[in-house]
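> My structure is below; once you've seen it, I'll send some questions.
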Amino acid sequence: MHLKRIAMPKSWSLPRKGKRFIIRGKGPYTSKISFPLLVILRDLLKEVKTRKEAKKVLQEGLVFINNRIVKDEKFNVGLFDRIYIKKLEKTFSLYLTKKGKLIIQEINKERALKKPCKVIGKKNIKGNKIQINLYDGKNLITDKKDFKVGDTLILDLKKNNIIDCLKLAKGAFVFIIGGKHIGNIGKISEIDNKISVVIEDKTFKISKENIFVIEKGEFK
C-alpha cells in the first residue's frame with residue numbers, strides 16, 4: 001500500500017509535488033509521529049537514492065532500530081526511536097520541531113544506548129505481576145507497582161531492561177508532542193485535570209496525552 005503525497009501527514013517535511021505516491025509505513029506508531037524506514041534512508045538522510053538501494057542496505061543488516069536489525073523498508077520509525085547506521089557509525093533519533101514537523105538528528109553514544117518510552121497503560125496479570133504498555137507498542141512484565149500512566153521509562157537497549165523511571169510529577173521536564181505548544185520543552189508546575197507547564201517563563205495548561213516526560217539532557 002502507498003500513500004498519496006498530497007495526503008501525507010502535516011508533520012512530514014517532504015515535498016508534496018513530484019512523484020504521486022510515497023510508501024506507507026507499518027507498525028505501532030501513527031503516521032503523525034513516525035516515518036517509514038525507507039523515507040528516513042532515502043529522503044531524510046539521503047544515504048540511498050532508490051528503494052532498490054534501500055532494500056539492499058537493509059538486507060545486509062546494516063540498519064538497527066533500538067539495537068535490533070530491521071530489514072523491512074516499511075517499518076515505522078517513531079518519535080525518540082534510536083536509528084543506528086552501521087556504515088556511518090552514527091546514531092540518529094526522531095524529534096518534533098515547534099512547527100510540528102518531524103526531523104532527524106544525530107545523537108551521541110550515551111543517548112544511543114537508552115531510549116525514553118512513555119507508559120500509556122498498565123494492568124495486573126497472573127503471578128502478582130504488572131503488564132506495562134508503552135507508547136511504541138512494547139509490553140513489559142514487571143513486579144514493580146509504582147509505575148503509573150504518564151510516567152516515562154528509560155530502557156537500556158542492550159540489556160532490554162528498565163534503568164530509570166521519570167515520574168509525571170511537579171518539577172519534571174517535559175516535551176510537548178501535540179497541540180499548539182508542540183515541540184516545546186517545559187517544566188511541570190502543577191498537576192490537575194490538565195497539567196500546568198512552564199515554557200519560557202509562561203505557564204500553559206496542556207493535556208496529559210500531549211506530554212512526554214524526558215531527561216533534561218535528551219536534547220543535548
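All residue names refer to the C-alpha cells as shown: chains lettered A, B, ... in order, residues numbered from 1 in each chain, ligands numbered from 1 in order.
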Could you list, as a list in words, every residue within 9 Å of A:Asp81, counting only C-alpha atoms and ignoring same-chain residues fewer than 6 positions away?

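In the requested format, the answer is Ile65, Asn66, Phe92, Ser93, Leu94, Lys115, Pro116 and Asp136 of chain A.
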
> Output N, CA and C atoms of each residue in that selection to a file, as a PDB file, in the first residue's frame.


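Produced file selection_26.pdb, reproduced below:
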```pdb
ATOM      1  N   ILE A  65      17.342  -0.513  14.589  1.00  0.00           N
ATOM      2  CA  ILE A  65      16.374   0.349  15.254  1.00  0.00           C
ATOM      3  C   ILE A  65      16.264  -0.136  16.701  1.00  0.00           C
ATOM      4  N   ASN A  66      16.618   0.746  17.619  1.00  0.00           N
ATOM      5  CA  ASN A  66      16.596   0.385  19.051  1.00  0.00           C
ATOM      6  C   ASN A  66      17.387  -0.888  19.331  1.00  0.00           C
ATOM      7  N   PHE A  92      20.937   8.154  15.114  1.00  0.00           N
ATOM      8  CA  PHE A  92      20.027   9.277  14.941  1.00  0.00           C
ATOM      9  C   PHE A  92      18.745   9.021  15.731  1.00  0.00           C
ATOM     10  N   SER A  93      17.962  10.080  15.929  1.00  0.00           N
ATOM     11  CA  SER A  93      16.669   9.936  16.581  1.00  0.00           C
ATOM     12  C   SER A  93      15.689  10.917  15.962  1.00  0.00           C
ATOM     13  N   LEU A  94      14.395  10.614  16.077  1.00  0.00           N
ATOM     14  CA  LEU A  94      13.364  11.498  15.544  1.00  0.00           C
ATOM     15  C   LEU A  94      12.827  12.406  16.640  1.00  0.00           C
ATOM     16  N   LYS A 115      16.651   4.599  25.661  1.00  0.00           N
ATOM     17  CA  LYS A 115      15.519   5.198  24.972  1.00  0.00           C
ATOM     18  C   LYS A 115      14.395   5.501  25.961  1.00  0.00           C
ATOM     19  N   PRO A 116      13.797   6.698  25.857  1.00  0.00           N
ATOM     20  CA  PRO A 116      12.641   7.005  26.704  1.00  0.00           C
ATOM     21  C   PRO A 116      11.357   6.438  26.105  1.00  0.00           C
ATOM     22  N   ASP A 136       5.288   2.900  22.202  1.00  0.00           N
ATOM     23  CA  ASP A 136       5.839   2.373  20.950  1.00  0.00           C
ATOM     24  C   ASP A 136       5.388   0.943  20.668  1.00  0.00           C
TER      25      ASP A 136
END
```

> What lies within 10 Å of A:Leu157 using only C-alpha atoms, ignoring chain neighbours under 3 positions off, as a JSON list (two decimals) with N, CA and C atoms, in the first residue's frame?


```json
[["chain", "number", "residue", "atom", "x", "y", "z"],
["A", 65, "ILE", "N", 17.34, -0.51, 14.59],
["A", 65, "ILE", "CA", 16.37, 0.35, 15.25],
["A", 65, "ILE", "C", 16.26, -0.14, 16.70],
["A", 66, "ASN", "N", 16.62, 0.75, 17.62],
["A", 66, "ASN", "CA", 16.60, 0.39, 19.05],
["A", 66, "ASN", "C", 17.39, -0.89, 19.33],
["A", 67, "ASN", "N", 18.57, -0.94, 18.70],
["A", 67, "ASN", "CA", 19.56, -2.02, 18.91],
["A", 67, "ASN", "C", 19.14, -3.36, 18.34],
["A", 68, "ARG", "N", 18.24, -3.37, 17.39],
["A", 68, "ARG", "CA", 17.94, -4.64, 16.70],
["A", 68, "ARG", "C", 17.89, -4.39, 15.20],
["A", 82, "ARG", "N", 15.82, 5.05, 18.32],
["A", 82, "ARG", "CA", 17.24, 5.19, 18.04],
["A", 82, "ARG", "C", 17.58, 4.44, 16.75],
["A", 112, "ALA", "N", 22.43, 7.06, 22.63],
["A", 112, "ALA", "CA", 22.12, 5.99, 21.67],
["A", 112, "ALA", "C", 21.83, 4.66, 22.35],
["A", 113, "LEU", "N", 22.33, 4.47, 23.55],
["A", 113, "LEU", "CA", 22.21, 3.19, 24.25],
["A", 113, "LEU", "C", 20.96, 3.10, 25.12],
["A", 114, "LYS", "N", 20.21, 4.18, 25.20],
["A", 114, "LYS", "CA", 19.00, 4.16, 26.01],
["A", 114, "LYS", "C", 17.90, 4.94, 25.31],
["A", 115, "LYS", "N", 16.65, 4.60, 25.66],
["A", 115, "LYS", "CA", 15.52, 5.20, 24.97],
["A", 115, "LYS", "C", 14.39, 5.50, 25.96],
["A", 154, "ILE", "N", 13.00, 4.72, 31.15],
["A", 154, "ILE", "CA", 14.23, 4.77, 30.36],
["A", 154, "ILE", "C", 14.72, 3.33, 30.20],
["A", 160, "ASN", "N", 17.86, -4.63, 27.41],
["A", 160, "ASN", "CA", 16.41, -4.67, 27.29],
["A", 160, "ASN", "C", 15.72, -4.67, 28.66],
["A", 161, "ASN", "N", 16.18, -3.78, 29.51],
["A", 161, "ASN", "CA", 15.54, -3.66, 30.81],
["A", 161, "ASN", "C", 15.35, -2.19, 31.19],
["A", 162, "ILE", "N", 14.64, -1.97, 32.29],
["A", 162, "ILE", "CA", 14.35, -0.61, 32.74],
["A", 162, "ILE", "C", 15.48, -0.12, 33.64],
["A", 163, "ILE", "N", 16.04, 1.05, 33.31],
["A", 163, "ILE", "CA", 17.13, 1.57, 34.13],
["A", 163, "ILE", "C", 16.70, 2.80, 34.93]]
```

> Could you check the closest approach to A:Ile120 for each of A:Asp151, A:Glu60, A:Glu215, A:Glu106 and tell me which residue wins, using only C-alpha atoms?

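Closest residue, counting only C-alpha atoms: A:Asp151.
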
> Near stretch 199-202 of chain A, within 10 Å and counting only C-alpha atoms, which residues show up once chain neighbours fewer than 5 positions away are dropped, as a ChimeraX atom specification?

/A:174,181,184-188

> To one decimal in Å, tell me the separation between atom CA of A:Gly121 and atom CA of A:Lys71.

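Separation of atom CA of A:Gly121 and atom CA of A:Lys71: 29.2 Å.
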
> With only C-alpha atoms as the atoms that count, which of A:Phe212, A:Phe147, A:Tyr84, A:Trp12 lies nearest to A:Asn133?

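Ranking A:Phe212, A:Phe147, A:Tyr84, A:Trp12 by distance to A:Asn133, first place goes to A:Phe147.
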
> Among the residues of stretch 40-212 of chain A, find those DSSP assigns to alpha helix (DSSP H) from the backbone and print them as a PyMOL selection string.

chain A and resi 51-59+109-112

> Keeping only N, CA and C atoms, write the selected residues as a PDB file, in the first residue's frame.


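Contents of result.pdb, freshly written:
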```pdb
ATOM      1  N   ARG A  51      14.530   2.922  -3.826  1.00  0.00           N
ATOM      2  CA  ARG A  51      14.007   1.886  -2.933  1.00  0.00           C
ATOM      3  C   ARG A  51      14.826   0.607  -3.059  1.00  0.00           C
ATOM      4  N   LYS A  52      15.277   0.318  -4.268  1.00  0.00           N
ATOM      5  CA  LYS A  52      16.081  -0.877  -4.506  1.00  0.00           C
ATOM      6  C   LYS A  52      17.380  -0.818  -3.699  1.00  0.00           C
ATOM      7  N   GLU A  53      18.030   0.343  -3.692  1.00  0.00           N
ATOM      8  CA  GLU A  53      19.263   0.503  -2.915  1.00  0.00           C
ATOM      9  C   GLU A  53      18.988   0.355  -1.420  1.00  0.00           C
ATOM     10  N   ALA A  54      17.868   0.926  -0.973  1.00  0.00           N
ATOM     11  CA  ALA A  54      17.500   0.838   0.443  1.00  0.00           C
ATOM     12  C   ALA A  54      17.305  -0.622   0.845  1.00  0.00           C
ATOM     13  N   LYS A  55      16.615  -1.393   0.012  1.00  0.00           N
ATOM     14  CA  LYS A  55      16.382  -2.802   0.310  1.00  0.00           C
ATOM     15  C   LYS A  55      17.700  -3.561   0.436  1.00  0.00           C
ATOM     16  N   LYS A  56      18.657  -3.247  -0.420  1.00  0.00           N
ATOM     17  CA  LYS A  56      19.962  -3.920  -0.385  1.00  0.00           C
ATOM     18  C   LYS A  56      20.679  -3.630   0.936  1.00  0.00           C
ATOM     19  N   VAL A  57      20.687  -2.349   1.334  1.00  0.00           N
ATOM     20  CA  VAL A  57      21.328  -1.962   2.599  1.00  0.00           C
ATOM     21  C   VAL A  57      20.669  -2.672   3.781  1.00  0.00           C
ATOM     22  N   LEU A  58      19.339  -2.724   3.757  1.00  0.00           N
ATOM     23  CA  LEU A  58      18.608  -3.345   4.860  1.00  0.00           C
ATOM     24  C   LEU A  58      18.838  -4.856   4.912  1.00  0.00           C
ATOM     25  N   GLN A  59      18.841  -5.498   3.758  1.00  0.00           N
ATOM     26  CA  GLN A  59      19.052  -6.946   3.725  1.00  0.00           C
ATOM     27  C   GLN A  59      20.449  -7.336   4.191  1.00  0.00           C
ATOM     28  N   LYS A 109      26.738   8.898  21.700  1.00  0.00           N
ATOM     29  CA  LYS A 109      26.768   7.470  22.047  1.00  0.00           C
ATOM     30  C   LYS A 109      26.033   7.177  23.345  1.00  0.00           C
ATOM     31  N   GLU A 110      26.101   8.103  24.292  1.00  0.00           N
ATOM     32  CA  GLU A 110      25.444   7.886  25.577  1.00  0.00           C
ATOM     33  C   GLU A 110      23.933   7.759  25.409  1.00  0.00           C
ATOM     34  N   ARG A 111      23.346   8.663  24.617  1.00  0.00           N
ATOM     35  CA  ARG A 111      21.897   8.606  24.414  1.00  0.00           C
ATOM     36  C   ARG A 111      21.502   7.474  23.483  1.00  0.00           C
ATOM     37  N   ALA A 112      22.426   7.055  22.627  1.00  0.00           N
ATOM     38  CA  ALA A 112      22.120   5.989  21.670  1.00  0.00           C
ATOM     39  C   ALA A 112      21.826   4.664  22.347  1.00  0.00           C
TER      40      ALA A 112
END
```

> Calculate how many Å separate atom CA of A:Arg24 from atom CA of A:Leu102, rounding to one decimal.

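Straight-line distance from atom CA of A:Arg24 to atom CA of A:Leu102 works out to 15.9 Å.
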
> Mind checking which residues fall within 12 Å of A:Ile191, counting only C-alpha atoms, ignoring those fewer than 3 positions away in the same chain, and posting them as a VMD selection string?

chain A and resid 150 167 to 172 187 to 188 194 to 198 204 to 208 211

> Restricting the output to C-alpha atoms, write the selected residues as a CSV table (one decimal), in the first residue's frame.


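Writing the result to selection-v5.csv gives the following:
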```csv
chain,number,residue,atom,x,y,z
A,150,GLY,CA,2.1,9.1,32.0
A,167,LYS,CA,7.7,10.4,37.1
A,168,LEU,CA,4.9,12.6,35.8
A,169,ALA,CA,5.2,15.0,38.7
A,170,LYS,CA,5.8,18.5,39.7
A,171,GLY,CA,9.2,19.7,38.6
A,172,ALA,CA,9.6,17.1,35.8
A,187,LYS,CA,8.7,22.1,33.3
A,188,ILE,CA,5.6,20.9,35.2
A,194,LYS,CA,-4.8,19.4,32.8
A,195,ILE,CA,-1.1,19.8,33.5
A,196,SER,CA,0.4,23.3,34.1
A,197,VAL,CA,3.7,23.6,32.2
A,198,VAL,CA,6.1,26.5,32.3
A,204,PHE,CA,0.2,26.8,29.9
A,205,LYS,CA,-2.5,24.2,30.6
A,206,ILE,CA,-1.7,21.1,28.5
A,207,SER,CA,-3.5,17.8,28.1
A,208,LYS,CA,-1.8,14.7,29.6
A,211,ILE,CA,3.1,15.5,27.4
```

> Just the strand (DSSP E or B) stuff from stretch 158-212 of chain A, please, per backbone DSSP, written as a ChimeraX atom specification.

/A:161-166,173-176,185-191,195-199,202-206,211-212

> Just to be explicit: take each residue in the selection above, keep C-alpha atoms, and write the result as an mmCIF file, in the first residue's frame.


```cif
data_model
loop_
_atom_site.group_PDB
_atom_site.id
_atom_site.type_symbol
_atom_site.label_atom_id
_atom_site.label_comp_id
_atom_site.auth_asym_id
_atom_site.auth_seq_id
_atom_site.Cartn_x
_atom_site.Cartn_y
_atom_site.Cartn_z
ATOM 1 C CA ASN A 161 15.538 -3.660 30.815
ATOM 2 C CA ILE A 162 14.345 -0.610 32.738
ATOM 3 C CA ILE A 163 17.127 1.570 34.129
ATOM 4 C CA ASP A 164 15.078 4.523 35.354
ATOM 5 C CA CYS A 165 11.556 5.893 35.710
ATOM 6 C CA LEU A 166 10.824 9.587 35.159
ATOM 7 C CA PHE A 173 10.952 18.223 32.416
ATOM 8 C CA VAL A 174 8.571 17.501 29.565
ATOM 9 C CA PHE A 175 8.474 17.570 25.776
ATOM 10 C CA ILE A 176 5.187 18.603 24.178
ATOM 11 C CA ILE A 185 10.313 21.822 26.283
ATOM 12 C CA GLY A 186 8.930 22.874 29.653
ATOM 13 C CA LYS A 187 8.703 22.072 33.332
ATOM 14 C CA ILE A 188 5.625 20.899 35.229
ATOM 15 C CA SER A 189 4.454 23.378 37.856
ATOM 16 C CA GLU A 190 1.125 21.779 38.801
ATOM 17 C CA ILE A 191 -0.914 18.660 38.030
ATOM 18 C CA ILE A 195 -1.088 19.813 33.517
ATOM 19 C CA SER A 196 0.418 23.259 34.075
ATOM 20 C CA VAL A 197 3.720 23.551 32.227
ATOM 21 C CA VAL A 198 6.118 26.487 32.347
ATOM 22 C CA ILE A 199 7.542 27.209 28.889
ATOM 23 C CA LYS A 202 4.929 31.424 30.760
ATOM 24 C CA THR A 203 2.511 28.838 32.158
ATOM 25 C CA PHE A 204 0.178 26.838 29.922
ATOM 26 C CA LYS A 205 -2.452 24.172 30.585
ATOM 27 C CA ILE A 206 -1.674 21.087 28.498
ATOM 28 C CA ILE A 211 3.056 15.490 27.437
ATOM 29 C CA PHE A 212 6.146 13.284 27.356
#
```

> I want to know what sits within 10 Å of A:Ile141, based on only C-alpha atoms, with residues of the same chain fewer than 4 positions away left out; could you give that as a PDB file with C-alpha atoms, in the first residue's frame?


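The resulting file, result-v1.pdb, is shown below:
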```pdb
ATOM      1  CA  LYS A 122      -0.952  -0.976  32.863  1.00  0.00           C
ATOM      2  CA  LYS A 123      -2.838  -3.966  34.211  1.00  0.00           C
ATOM      3  CA  ASN A 124      -2.476  -6.719  36.773  1.00  0.00           C
ATOM      4  CA  ILE A 125      -1.716 -10.202  35.457  1.00  0.00           C
ATOM      5  CA  LYS A 129       2.888  -9.155  38.075  1.00  0.00           C
ATOM      6  CA  ILE A 130       2.134  -5.918  36.231  1.00  0.00           C
ATOM      7  CA  GLN A 131       1.973  -5.553  32.447  1.00  0.00           C
ATOM      8  CA  ILE A 132       3.180  -2.128  31.337  1.00  0.00           C
ATOM      9  CA  ASN A 133       2.044  -0.879  27.905  1.00  0.00           C
TER      10      ASN A 133
END
```

> State, in Å with one decimal place, the distance from atom CA of A:Lys101 to atom CA of A:Ser34.

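Atom CA of A:Ser34 lies at a distance of 10.5 Å from atom CA of A:Lys101.
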